[in-house]
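S.K.: Have a look at this one before I ask anything.
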Amino acid sequence: MSTSMAPSSPHAFEREHGFTEAEWLRCLPHAVGPHALERLEPGAANVRLLGGGLLTLRWKVLPDRRIALLRMPRLGVRYVFEAAVTQVQRDEFLRQFDRYLQRGGG
């Protein structure tokens, strides 16, 4: 589960995703699509956008969300687009990225 961004995404923001780190790492290469993904170190990656520009991702495992006996994994992710990335580029990238990460239909 991930929250989706409305159009007009800011240059930097944080999201909480309902993924384990292993699930995130398995999905990430597919979610970025044709853009180049570069793993930097544990908890960090860069995405080089096709039209030019860079997105830096940093993540950390958060405590599970608990609702009665239900436990949901949580991953906090910080997204930082470099200033040269246009609003259109951010919105187009995030539309495709969010579509891939979406869980549960809709």
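Residues in the structure tokens are named by chain (A, B, ... in the order shown) and by number from 1 within that chain; ligands are numbered from 1 in the order shown.
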With only C-alpha atoms as the counted atoms, please give the residues lying no more than 9 Å from Ala83 in chain A, apart from itself and same-chain residues fewer than 3 positions off, as a PDB file with N, CA and C atoms, in the first residue's frame.
M.R.:
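That gives us out06.pdb:
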```pdb
ATOM      1  N   HIS A  11       9.370  19.114  -5.042  1.00  0.00           N
ATOM      2  CA  HIS A  11      10.710  18.578  -5.300  1.00  0.00           C
ATOM      3  C   HIS A  11      11.115  17.540  -4.266  1.00  0.00           C
ATOM      4  N   GLY A  53      17.894  14.653 -15.367  1.00  0.00           N
ATOM      5  CA  GLY A  53      17.555  14.923 -13.980  1.00  0.00           C
ATOM      6  C   GLY A  53      17.704  13.689 -13.111  1.00  0.00           C
ATOM      7  N   LEU A  54      17.598  13.914 -11.829  1.00  0.00           N
ATOM      8  CA  LEU A  54      17.889  12.876 -10.849  1.00  0.00           C
ATOM      9  C   LEU A  54      16.857  12.889  -9.734  1.00  0.00           C
ATOM     10  N   VAL A  80      13.573  12.954  -3.285  1.00  0.00           N
ATOM     11  CA  VAL A  80      14.139  14.284  -3.543  1.00  0.00           C
ATOM     12  C   VAL A  80      14.506  14.355  -5.021  1.00  0.00           C
ATOM     13  N   THR A  86      11.650  19.143 -13.972  1.00  0.00           N
ATOM     14  CA  THR A  86      10.449  19.975 -14.106  1.00  0.00           C
ATOM     15  C   THR A  86       9.248  19.335 -13.438  1.00  0.00           C
TER      16      THR A  86
END
```
S.K.: Kindly provide the residues of range 31-82 of chain A that approach range 88-103 of chain A to within 8 Å, each paired with its closest atom pair and their distance in Å to one decimal, based on only C-alpha atoms, listed by chain and increasing number, as JSON lines.
M.R.:
```
{"residue": "A:Ala31", "atom": "CA", "partner": "A:Phe97", "partner_atom": "CA", "distance": 4.9}
{"residue": "A:Val32", "atom": "CA", "partner": "A:Phe97", "partner_atom": "CA", "distance": 5.9}
{"residue": "A:Gly33", "atom": "CA", "partner": "A:Phe97", "partner_atom": "CA", "distance": 7.7}
{"residue": "A:Gly51", "atom": "CA", "partner": "A:Gln89", "partner_atom": "CA", "distance": 7.6}
{"residue": "A:Phe81", "atom": "CA", "partner": "A:Arg90", "partner_atom": "CA", "distance": 7.6}
```
S.K.: For all heavy atoms, I'd like the residues from the last selection saved as a PDB file, in the first residue's frame.
M.R.:
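What landed in out_22.pdb:
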```pdb
ATOM      1  N   ALA A  31       9.335  -0.578 -10.903  1.00  0.00           N
ATOM      2  CA  ALA A  31       8.577   0.652 -10.697  1.00  0.00           C
ATOM      3  C   ALA A  31       9.206   1.851 -11.405  1.00  0.00           C
ATOM      4  O   ALA A  31       8.501   2.735 -11.870  1.00  0.00           O
ATOM      5  CB  ALA A  31       8.445   0.944  -9.206  1.00  0.00           C
ATOM      6  N   VAL A  32      10.535   1.883 -11.501  1.00  0.00           N
ATOM      7  CA  VAL A  32      11.183   3.022 -12.169  1.00  0.00           C
ATOM      8  C   VAL A  32      11.117   2.896 -13.685  1.00  0.00           C
ATOM      9  O   VAL A  32      11.460   3.842 -14.403  1.00  0.00           O
ATOM     10  CB  VAL A  32      12.642   3.246 -11.699  1.00  0.00           C
ATOM     11  CG1 VAL A  32      12.696   3.467 -10.207  1.00  0.00           C
ATOM     12  CG2 VAL A  32      13.560   2.136 -12.128  1.00  0.00           C
ATOM     13  N   GLY A  33      10.671   1.749 -14.181  1.00  0.00           N
ATOM     14  CA  GLY A  33      10.488   1.561 -15.626  1.00  0.00           C
ATOM     15  C   GLY A  33      11.788   1.723 -16.394  1.00  0.00           C
ATOM     16  O   GLY A  33      12.812   1.158 -16.005  1.00  0.00           O
ATOM     17  N   GLY A  51      14.562  11.983 -19.371  1.00  0.00           N
ATOM     18  CA  GLY A  51      14.596  13.334 -19.916  1.00  0.00           C
ATOM     19  C   GLY A  51      15.647  14.206 -19.265  1.00  0.00           C
ATOM     20  O   GLY A  51      15.717  15.403 -19.510  1.00  0.00           O
ATOM     21  N   PHE A  81      13.762  15.173  -5.767  1.00  0.00           N
ATOM     22  CA  PHE A  81      14.085  15.443  -7.169  1.00  0.00           C
ATOM     23  C   PHE A  81      15.024  16.642  -7.187  1.00  0.00           C
ATOM     24  O   PHE A  81      14.788  17.626  -6.477  1.00  0.00           O
ATOM     25  CB  PHE A  81      12.824  15.815  -7.961  1.00  0.00           C
ATOM     26  CG  PHE A  81      11.901  14.670  -8.218  1.00  0.00           C
ATOM     27  CD1 PHE A  81      10.840  14.407  -7.377  1.00  0.00           C
ATOM     28  CD2 PHE A  81      12.066  13.871  -9.345  1.00  0.00           C
ATOM     29  CE1 PHE A  81       9.959  13.363  -7.631  1.00  0.00           C
ATOM     30  CE2 PHE A  81      11.199  12.819  -9.606  1.00  0.00           C
ATOM     31  CZ  PHE A  81      10.137  12.560  -8.741  1.00  0.00           C
TER      32      PHE A  81
END
```
S.K.: Write out as a list of chain:residue names all residues of range 15-105 of chain A that backbone DSSP assigns to helix (DSSP H, G or I).
M.R.: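 After running DSSP on the backbone, range 15-105 of chain A has helix (DSSP H, G or I) at A:Glu21, A:Ala22, A:Glu23, A:Trp24, A:Leu25, A:Arg26, A:Cys27, A:Leu28, A:Pro29, A:His30, A:Ala31, A:Gln87, A:Val88, A:Gln89, A:Arg90, A:Asp91, A:Glu92, A:Phe93, A:Leu94, A:Arg95, A:Gln96, A:Phe97, A:Asp98, A:Arg99, A:Tyr100, A:Leu101.
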S.K.: Counting only C-alpha atoms, which residue out of A:Ala84, A:Val77, A:Leu62, A:Ala22 sits closest to Ala44 in chain A?
M.R.: A:Val77
S.K.: Considering only C-alpha atoms, can you say which of A:Ile67, A:Arg48, A:Leu28, A:Leu55 comes closest to Pro10 in chain A?
M.R.: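 Selected residue with least distance to Pro10 in chain A: A:Leu55.
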S.K.: So which residues of range 47-82 of chain A fall under strand (DSSP E) by DSSP, listed as a ChimeraX atom specification?
M.R.: /A:47-48,54-67,70-81
S.K.: What gap, in Å, lies between CA of Glu21 in chain A and CA of Gln87 in chain A?
M.R.: 28.4 Å
